[in-house]
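For reference, the structure discussed in these notes is given below.
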Amino acid sequence: MESIELQELEAVARSQPLEEPLVIKPRRRTPTQWLTTVGWRHAVGLIACVVALFPLLYIFSASLNPSGTLTGSNELFREVSTQNYVNLMSDPGRPFLRWWLNTILVAGVTAVASVFLCALAAYAFSRLRFTGRRVGLGALVLTQMFPQFLGVVAIFLMLVVIGNAVPALGLNSLLGLIVVYLGGALGVNTYLMYGYFNTIPRELDEAAKLDGAGHARIFFTIILRLVAPILVIVGMLVFVGISGEFVIASVILSDTNMQTAAVGLYGMMSFRNDNWGVFAAGAVLTALPVMIIFLYAQKHIVSGLFAGSGK
Amino acid sequence: MTLEAPTRTGRATRPKAVPESPASGWALVVKVALMALVDALGIYLVLRFAATDQMIIAGVVAAALIIINIVYFRAGNLPAKYVIPGLIFLLVFQIFVIGFSVFVSFTNFGYGHNIEKPAAIEAIQANSVTRLPGSEAYPVAVLDKGGELYLLATASDGQALLGSATTSLAPAPEAVFEGGQAKGVPGYTTLTLGDLLQKQEAVTTLQVPLGASAADGYLKTVNGLNAYRFTSTMVYSPETDTMQDLVTGTVYVDNGEGNFESSDGTNLEPGWKTFIGLQNYATAVGAGGQTDIIGVTVWTFVFALMSVFLSFTVGTFLALVFNDRRVRGRRVYRLIMILPYAFPLFLTGLIWSGLLNQQYGFINEVLLGGVQIPWLDDEWLARVTVILVSVWFGAPYFFLVCTGALQSIPEDVLQAAQVDGVSPWQLFRHIKLPLLLVAVSPLLIAAFAFSFNDFNTIFMLSEGGPANPSSPIGAGSTDILITVVYKLAFQSGSKDYGLASAFSMLIFLIVLAISVILFRRTKSLENVY
């Protein structure tokens with residue numbers, strides 16, 4: 001299964017600068033020449049950009065449109081008001097702020113915790129030699145084939161039992177959800193990190209060892225610093241993935257106050273036409289942190305996706 | 001990536017002494033504190049599970065705790081120290097989940113089958129009580145304590161008896177009498193006539209058991225004033241493992257599928273959890289004429305293949321168009337074009353469902369001038385629509401990856417081809433495309449596996465609809481396997497956990513098989529080019 005050659009692909013993706021320096025000086029072209037060589041490409045780009053942008057602009061416009069209905073939202077940017085945002089925040093029946101904070105909390109804690117746990121395991125797989133190492137690596141790849149949400153029924157039934165004993169880890173608990181997510185986030189990301197750990201020269205550890213550093217010091221003060229880029233990438237991948245997770249969250253979190261934005265916003269959509277403006281406002285606020293992270297880390301996330309993980 | 005010199009830590013100048021012991025000084029303090037925390041948590045878990053009669057779980061947690069302590073307090077066995085923290089979560093919420101899914105898929109677990117057999121026998125008997133002919137009337141008062149209703153009965157010998165639905169009838173010597181009839185008990189609130197009217201339903205359905213077993217009968221009241229002894233008309237005989245209805249004389253036999261069943265096929269409710277072998281799998285693959293399951297599977301394949309193929313085609317086309325240095329502003333184009341991919345997926349589905357709304361949606365009303373195209377309400381059009389929306393966010397992904405892959409094609413290969421005078425199409429067909437496929441084929445497989453289980457797009461966009469009333473498992477026209485799993489387990493009335501788990505396992509096997517086959521072929525592809 002290691003034939004996937006994740007590292008190689010990743011390396012390719014990372015090493016490719018997207019704008020290469022111009023080598024050929026463009027000659028002056030006639031307008032017709034320009035149209036047939038470059039102009040049509042701009043036309044294609046323009047169409048692609050319109051298709052890509054228009055639903056996003058539409059939902060942004062709908063969130064600012066005070067009519068608040070689906071029909072009323074069809075006149076883009078005709079009126080601009082913050083009414084929908086005010087309504088979104090002021091209805092105790094749909095505590096959007098809670099949902100938003102719950103999402104950030106669950107995705108954030110899951111991201112930080114899984115980065116730490118994966119880094120520990122990746123260090124062992126990359127630096128230490130032990131029986132079962134290769135089998136363990138193979139098993140990590142294999143578990144990717146079973147996306148966690150496929151076991152949603154089993155997870156639900158397990159949490160009923162666990163919740164009877166320890167309510168803080170059962171249904172309707174954010175902690176319970178985080179713990180479940182941690183189980184699913186480890187396999188893929190440990191493998192991703194393992195590849196990166198291998199690119200750090202072993203001589204560095206050896207030198208530190210000679211200087212009298214123990215394994216814990218080598219890990220925490222040397223290795224973790226050197227692999228920081230992959231830690232950030234994995235953290236962001238997990239954050240983006242978890243913040244949009246619906247299947248497991250919707251089954252575990254039924255209490256309105258406990259829900260994440262994905263579950264809450266879906267529930268809000270049961271009356272599509274009337275709630276449209278408020279939903280749009282919620283959608284904009286929910287998408288914002290994810291898109292900021294994504295655009296900030298565009299290149300890295302794509303190379304991470306090169307390894308076949310992602311949303 | 002630049003490598004920082006490790007000497008920055010400032011400790012590299014230390015004299016080369018014996019290797020530092022793994023845990024000394026502050027490290028030891030941190031370690032002991034962490035372990036104390038883990039042990040406290042672990043012991044708490046063990047106690048809680050033991051307190052709720054989950055002895056097996058309590059035992060497993062205790063064993064795990066002992067192993068953890070051994071690993072961290074004994075020198076050596078370094079790999080285990082680093083792997084265990086993550087491994088615990090992976091074992092419980094990934095590996096065990098897979099095993100437990102398999103287990104559930106062999107049972108009839110679901111609504112009407114969620115208790116053990118003895119509990120089901122009790123419930124059946126409790127559900128079928130009738131007033132014992134000629135039994136005496138007990139004057140009663142209805143009491144309330146903490147929201148639970150109690151019956152306070154006065155027996156013919158003047159003794160007061162108290163019981164609720166969960167505590168069987170027992171003498172209540174502290175009862176307060178009024179005119180020879182027990183009227184109240186200190187600490188309980190006696191319901192007034194007004195309260196009785198308000199809580200009429202709760203009062204009339206209250207059954208106070210007379211003994212530990214349902215066979216002992218119940219005390220029930222019809223009006224909150226008088227109660228009578230009721231006995232179950234169902235009698236269970238442990239020797240023959242049958243249930244008999246004393247009124248009709250019908251005998252119900254354990255049918256091996258978690259129900260008592262009469263000779264004419266009538267089941268007694270509730271049933272109980274039991275193993276039913278491969279029956280869920282038989283249902284899942286369409287035995288018994290439920291052919292729409294095959295339909296769902298075929299559609300899942302079509303959806304996954306089409307969305308990956310079209311996304312890849314559109315993405316490659318865009319990448320080719322913009323992989324030309326003469327085009328200015330490529331960065332801006334790129335940034336805008338990847339926005340759909342950066343947008344949260346569940347919102348994509350919800351927003352497009354609004355845009356494509358037949359009556360009020362932007363597409364029909366504004367772009368197409370008020371036509372009423374049933375984008376998501378016509379069986380076939382809905383299928384096309386969900387594929388197109390999946391291309392909307394899928395193509396940008398392939399645009400990004402293919403751009404990277406195209407740029408990694410060595411310049412001299414392309415120049416050599418140009419010198420040879422090949423046409424742009426030939427250049428693409430025979431040089432760029434094969435190299436592109438080698439680079440992205442693992443991603444195509446991953447994208448297929450993703451689309452195969454793309455719950456969010458289907459569920460948020462069309463909710464699996466339009467509905468198909470003839471489907472025995474309630475699958476709509478655009479439902480894929482994973483949305484069927486979700487609907488079967490959590491949205492249908494039957495909450496069929498067993499069947500849903502069987503579907504999960506089938507999805508797993510399909511994706512696993514396809515991935516393995518394709519990865520093998522990818523390898524051979526690499527050898528060719």
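Chain identifiers are assigned as A, B, and so on, following the order in which chains appear in the structure tokens; residues are numbered from 1 within each chain, and ligands are numbered from 1 in order of appearance.
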
Residue contacts of Glu136 of chain B (10 Å, only C-alpha atoms) excluding same-chain residues fewer than 5 positions away, as a PyMOL selection string
chain B and resi 155-156+226-229

Close residues, Ile218 of chain A itself excluded, 10 Å, only C-alpha atoms, min 2 positions apart in chain, as a PyMOL selection string:
(chain A and resi 204-209+212-216+220-224) or (chain B and resi 6)

Skipping near chain neighbours, those fewer than 5 positions away, what residues fall within 8 Å of segment 299-301 of chain B using only C-alpha atoms, listed as number ranges by chain?
B: 452, 478-481

Where does DSSP see strand (DSSP E) in segment 247-282 of chain B, if you list the residues as a ChimeraX atom specification?
/B:251-254,260-261

Could you save the residues just selected, with all heavy atoms, as a JSON list (two decimals), in the first residue's frame?
```json
[["chain", "number", "residue", "atom", "x", "y", "z"],
["B", 251, "VAL", "N", -51.07, -19.27, 20.53],
["B", 251, "VAL", "CA", -49.73, -19.49, 21.06],
["B", 251, "VAL", "C", -48.73, -18.80, 20.15],
["B", 251, "VAL", "O", -48.79, -18.90, 18.92],
["B", 251, "VAL", "CB", -49.41, -21.01, 21.12],
["B", 251, "VAL", "CG1", -47.95, -21.22, 21.55],
["B", 251, "VAL", "CG2", -50.35, -21.68, 22.09],
["B", 252, "TYR", "N", -47.83, -18.02, 20.76],
["B", 252, "TYR", "CA", -46.80, -17.30, 20.00],
["B", 252, "TYR", "C", -45.46, -17.94, 20.28],
["B", 252, "TYR", "O", -45.09, -18.16, 21.43],
["B", 252, "TYR", "CB", -46.75, -15.82, 20.41],
["B", 252, "TYR", "CG", -48.04, -15.08, 20.11],
["B", 252, "TYR", "CD1", -49.11, -15.09, 20.99],
["B", 252, "TYR", "CD2", -48.14, -14.34, 18.92],
["B", 252, "TYR", "CE1", -50.27, -14.40, 20.71],
["B", 252, "TYR", "CE2", -49.31, -13.65, 18.63],
["B", 252, "TYR", "CZ", -50.38, -13.68, 19.53],
["B", 252, "TYR", "OH", -51.51, -13.01, 19.24],
["B", 253, "VAL", "N", -44.73, -18.26, 19.21],
["B", 253, "VAL", "CA", -43.46, -18.98, 19.33],
["B", 253, "VAL", "C", -42.31, -18.03, 18.98],
["B", 253, "VAL", "O", -42.45, -17.16, 18.11],
["B", 253, "VAL", "CB", -43.45, -20.19, 18.37],
["B", 253, "VAL", "CG1", -42.22, -21.06, 18.63],
["B", 253, "VAL", "CG2", -44.73, -21.01, 18.54],
["B", 254, "ASP", "N", -41.19, -18.20, 19.69],
["B", 254, "ASP", "CA", -39.97, -17.45, 19.36],
["B", 254, "ASP", "C", -39.56, -17.77, 17.93],
["B", 254, "ASP", "O", -39.28, -18.92, 17.60],
["B", 254, "ASP", "CB", -38.86, -17.88, 20.35],
["B", 254, "ASP", "CG", -37.57, -17.12, 20.12],
["B", 254, "ASP", "OD1", -37.44, -16.45, 19.07],
["B", 254, "ASP", "OD2", -36.69, -17.20, 21.00],
["B", 260, "PHE", "N", -41.89, -12.92, 19.23],
["B", 260, "PHE", "CA", -42.83, -14.03, 19.36],
["B", 260, "PHE", "C", -43.81, -13.92, 18.21],
["B", 260, "PHE", "O", -44.37, -12.86, 17.96],
["B", 260, "PHE", "CB", -43.58, -13.96, 20.70],
["B", 260, "PHE", "CG", -42.72, -14.36, 21.86],
["B", 260, "PHE", "CD1", -42.38, -13.45, 22.85],
["B", 260, "PHE", "CD2", -42.26, -15.67, 21.98],
["B", 260, "PHE", "CE1", -41.60, -13.83, 23.92],
["B", 260, "PHE", "CE2", -41.48, -16.06, 23.06],
["B", 260, "PHE", "CZ", -41.15, -15.14, 24.03],
["B", 261, "GLU", "N", -44.03, -15.05, 17.53],
["B", 261, "GLU", "CA", -44.84, -15.00, 16.33],
["B", 261, "GLU", "C", -45.89, -16.10, 16.39],
["B", 261, "GLU", "O", -45.60, -17.22, 16.81],
["B", 261, "GLU", "CB", -43.94, -15.19, 15.11],
["B", 261, "GLU", "CG", -44.62, -14.95, 13.79],
["B", 261, "GLU", "CD", -43.66, -15.12, 12.61],
["B", 261, "GLU", "OE1", -42.47, -14.76, 12.75],
["B", 261, "GLU", "OE2", -44.10, -15.63, 11.57]]
```

Got a sec: who's within 8 Å of Leu350 of chain B, counting only C-alpha atoms, leaving out chain neighbours fewer than 4 positions off, as a PyMOL selection string?
(chain A and resi 266) or (chain B and resi 346+354+460-461)

6 Å contact set for segment 85-94 of chain A, only C-alpha atoms, chain neighbours under 2 positions out, as a ChimeraX atom specification
/A:82-83,96,278,281

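Closest approach to chain A among B:Pro79, B:Pro374, B:Gly211, B:Pro410: B:Pro79, based on only C-alpha atoms.
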
So that I can check the surroundings of segment 363-366 of chain B, please list as a compact mmCIF listing (two decimals) with all heavy atoms, in the first residue's frame every protein, DNA and RNA residue that reaches within 12 Å of it, counting only C-alpha atoms and ignoring chain neighbours fewer than 6 positions away.
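Output saved as part-v5.txt:
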```txt
# COMPACT_ATOMS: atom_id res chain seq x y z
N PHE A 54 -20.31 33.54 -8.55
CA PHE A 54 -21.66 34.05 -8.43
C PHE A 54 -22.46 33.45 -7.24
O PHE A 54 -23.09 34.22 -6.50
CB PHE A 54 -22.37 33.92 -9.79
CG PHE A 54 -23.68 33.23 -9.77
CD1 PHE A 54 -24.81 33.91 -9.35
CD2 PHE A 54 -23.79 31.91 -10.15
CE1 PHE A 54 -26.02 33.26 -9.31
CE2 PHE A 54 -24.99 31.27 -10.09
CZ PHE A 54 -26.12 31.95 -9.68
N PRO A 55 -22.37 32.13 -6.95
CA PRO A 55 -23.12 31.66 -5.77
C PRO A 55 -22.64 32.30 -4.47
O PRO A 55 -23.44 32.54 -3.57
CB PRO A 55 -22.84 30.15 -5.76
CG PRO A 55 -22.45 29.83 -7.13
CD PRO A 55 -21.71 31.03 -7.63
N TYR A 58 -23.89 35.80 -4.42
CA TYR A 58 -25.33 35.73 -4.19
C TYR A 58 -25.64 35.57 -2.71
O TYR A 58 -26.49 36.28 -2.17
CB TYR A 58 -25.90 34.57 -5.00
CG TYR A 58 -27.30 34.17 -4.58
CD1 TYR A 58 -28.41 34.88 -5.01
CD2 TYR A 58 -27.49 33.09 -3.72
CE1 TYR A 58 -29.68 34.53 -4.61
CE2 TYR A 58 -28.76 32.73 -3.31
CZ TYR A 58 -29.85 33.45 -3.75
OH TYR A 58 -31.11 33.10 -3.35
N LEU A 70 -36.26 33.97 0.19
CA LEU A 70 -35.57 33.46 -0.99
C LEU A 70 -35.91 34.32 -2.21
O LEU A 70 -35.04 34.74 -2.96
CB LEU A 70 -35.99 32.00 -1.20
CG LEU A 70 -35.22 31.15 -2.18
CD1 LEU A 70 -33.74 31.25 -1.91
CD2 LEU A 70 -35.68 29.71 -2.06
N THR A 71 -37.20 34.61 -2.37
CA THR A 71 -37.63 35.41 -3.52
C THR A 71 -37.00 36.80 -3.47
O THR A 71 -36.49 37.29 -4.47
CB THR A 71 -39.16 35.60 -3.51
OG1 THR A 71 -39.73 34.47 -2.88
CG2 THR A 71 -39.69 35.80 -4.88
N GLY A 72 -37.04 37.39 -2.27
CA GLY A 72 -36.54 38.75 -2.14
C GLY A 72 -35.04 38.85 -2.37
O GLY A 72 -34.53 39.92 -2.69
N SER A 73 -34.35 37.74 -2.22
CA SER A 73 -32.90 37.77 -2.35
C SER A 73 -32.44 37.78 -3.80
O SER A 73 -31.25 37.84 -4.07
CB SER A 73 -32.29 36.53 -1.67
OG SER A 73 -32.67 36.48 -0.33
N ASN A 74 -33.39 37.68 -4.73
CA ASN A 74 -32.99 37.57 -6.13
C ASN A 74 -32.48 38.86 -6.74
O ASN A 74 -31.88 38.85 -7.79
CB ASN A 74 -34.14 37.01 -6.95
CG ASN A 74 -34.27 35.51 -6.72
OD1 ASN A 74 -33.34 34.88 -6.23
ND2 ASN A 74 -35.40 34.95 -7.08
N GLU A 75 -32.78 40.00 -6.10
CA GLU A 75 -32.23 41.24 -6.62
C GLU A 75 -30.95 41.54 -5.88
O GLU A 75 -30.97 42.03 -4.76
CB GLU A 75 -33.25 42.37 -6.44
CG GLU A 75 -34.51 42.11 -7.24
CD GLU A 75 -35.58 43.16 -6.96
OE1 GLU A 75 -35.30 44.35 -7.16
OE2 GLU A 75 -36.67 42.78 -6.52
N LEU A 76 -29.84 41.22 -6.54
CA LEU A 76 -28.54 41.27 -5.87
C LEU A 76 -28.18 42.69 -5.43
O LEU A 76 -28.26 43.63 -6.21
CB LEU A 76 -27.45 40.73 -6.80
CG LEU A 76 -27.59 39.26 -7.20
CD1 LEU A 76 -26.44 38.85 -8.08
CD2 LEU A 76 -27.67 38.37 -5.98
N ILE B 351 -26.78 26.23 -0.25
CA ILE B 351 -26.93 27.43 -1.06
C ILE B 351 -27.43 27.10 -2.46
O ILE B 351 -28.34 27.73 -2.98
CB ILE B 351 -25.59 28.20 -1.13
CG1 ILE B 351 -25.31 28.83 0.23
CG2 ILE B 351 -25.62 29.25 -2.22
CD1 ILE B 351 -23.93 29.38 0.38
N TRP B 352 -26.86 26.06 -3.05
CA TRP B 352 -27.35 25.67 -4.38
C TRP B 352 -28.80 25.19 -4.33
O TRP B 352 -29.54 25.38 -5.27
CB TRP B 352 -26.45 24.60 -5.00
CG TRP B 352 -25.24 25.17 -5.66
CD1 TRP B 352 -23.98 25.23 -5.16
CD2 TRP B 352 -25.18 25.80 -6.95
NE1 TRP B 352 -23.14 25.84 -6.05
CE2 TRP B 352 -23.85 26.20 -7.16
CE3 TRP B 352 -26.13 26.07 -7.95
CZ2 TRP B 352 -23.43 26.85 -8.32
CZ3 TRP B 352 -25.71 26.71 -9.11
CH2 TRP B 352 -24.38 27.10 -9.29
N SER B 353 -29.20 24.59 -3.23
CA SER B 353 -30.60 24.15 -3.15
C SER B 353 -31.52 25.36 -3.18
O SER B 353 -32.63 25.31 -3.70
CB SER B 353 -30.84 23.32 -1.90
OG SER B 353 -31.01 24.15 -0.77
N GLY B 354 -31.05 26.50 -2.63
CA GLY B 354 -31.83 27.72 -2.71
C GLY B 354 -31.79 28.32 -4.12
O GLY B 354 -32.81 28.69 -4.68
N LEU B 355 -30.59 28.36 -4.69
CA LEU B 355 -30.43 28.92 -6.03
C LEU B 355 -31.28 28.17 -7.05
O LEU B 355 -31.80 28.75 -8.00
CB LEU B 355 -28.96 28.83 -6.45
CG LEU B 355 -28.00 29.87 -5.92
CD1 LEU B 355 -26.57 29.48 -6.26
CD2 LEU B 355 -28.32 31.23 -6.51
N LEU B 356 -31.40 26.85 -6.86
CA LEU B 356 -32.06 26.00 -7.84
C LEU B 356 -33.51 25.73 -7.49
O LEU B 356 -34.17 24.92 -8.14
CB LEU B 356 -31.31 24.67 -7.97
CG LEU B 356 -29.91 24.77 -8.57
CD1 LEU B 356 -29.12 23.52 -8.29
CD2 LEU B 356 -30.01 25.03 -10.07
N ASN B 357 -34.02 26.42 -6.48
CA ASN B 357 -35.42 26.24 -6.08
C ASN B 357 -36.33 26.48 -7.28
O ASN B 357 -36.18 27.46 -8.00
CB ASN B 357 -35.75 27.21 -4.95
CG ASN B 357 -37.16 27.02 -4.43
OD1 ASN B 357 -38.13 27.31 -5.13
ND2 ASN B 357 -37.27 26.53 -3.21
N GLN B 372 -39.97 27.46 -14.86
CA GLN B 372 -40.05 26.63 -13.65
C GLN B 372 -39.38 25.28 -13.92
O GLN B 372 -40.05 24.25 -13.97
CB GLN B 372 -41.50 26.42 -13.24
CG GLN B 372 -42.21 27.72 -12.91
CD GLN B 372 -42.85 27.66 -11.56
OE1 GLN B 372 -43.27 26.62 -11.09
NE2 GLN B 372 -42.95 28.80 -10.89
N ILE B 373 -38.09 25.30 -14.11
CA ILE B 373 -37.39 24.03 -14.35
C ILE B 373 -37.23 23.29 -13.03
O ILE B 373 -36.70 23.85 -12.07
CB ILE B 373 -36.01 24.29 -15.00
CG1 ILE B 373 -36.21 24.99 -16.34
CG2 ILE B 373 -35.24 22.98 -15.17
CD1 ILE B 373 -34.93 25.44 -16.99
N PRO B 374 -37.70 22.06 -12.96
CA PRO B 374 -37.64 21.32 -11.68
C PRO B 374 -36.25 20.74 -11.42
O PRO B 374 -36.06 19.53 -11.40
CB PRO B 374 -38.68 20.21 -11.86
CG PRO B 374 -38.70 19.96 -13.33
CD PRO B 374 -38.36 21.26 -14.01
N TRP B 375 -35.27 21.62 -11.20
CA TRP B 375 -33.88 21.19 -11.07
C TRP B 375 -33.70 20.04 -10.08
O TRP B 375 -32.93 19.14 -10.30
CB TRP B 375 -32.99 22.36 -10.62
CG TRP B 375 -32.87 23.44 -11.62
CD1 TRP B 375 -33.45 24.68 -11.56
CD2 TRP B 375 -32.15 23.41 -12.85
NE1 TRP B 375 -33.13 25.42 -12.67
CE2 TRP B 375 -32.33 24.66 -13.47
CE3 TRP B 375 -31.37 22.44 -13.49
CZ2 TRP B 375 -31.76 24.97 -14.69
CZ3 TRP B 375 -30.81 22.76 -14.71
CH2 TRP B 375 -30.99 24.01 -15.30
N LEU B 376 -34.40 20.17 -8.94
CA LEU B 376 -34.20 19.16 -7.90
C LEU B 376 -35.47 18.35 -7.65
O LEU B 376 -35.53 17.56 -6.72
CB LEU B 376 -33.74 19.83 -6.60
CG LEU B 376 -32.34 20.44 -6.67
CD1 LEU B 376 -32.11 21.38 -5.52
CD2 LEU B 376 -31.28 19.35 -6.69
```

Nearest residue to Gly138 of chain A out of A:Val188, A:Val240, A:Val234, A:Ala119, using only C-alpha atoms?
A:Val188
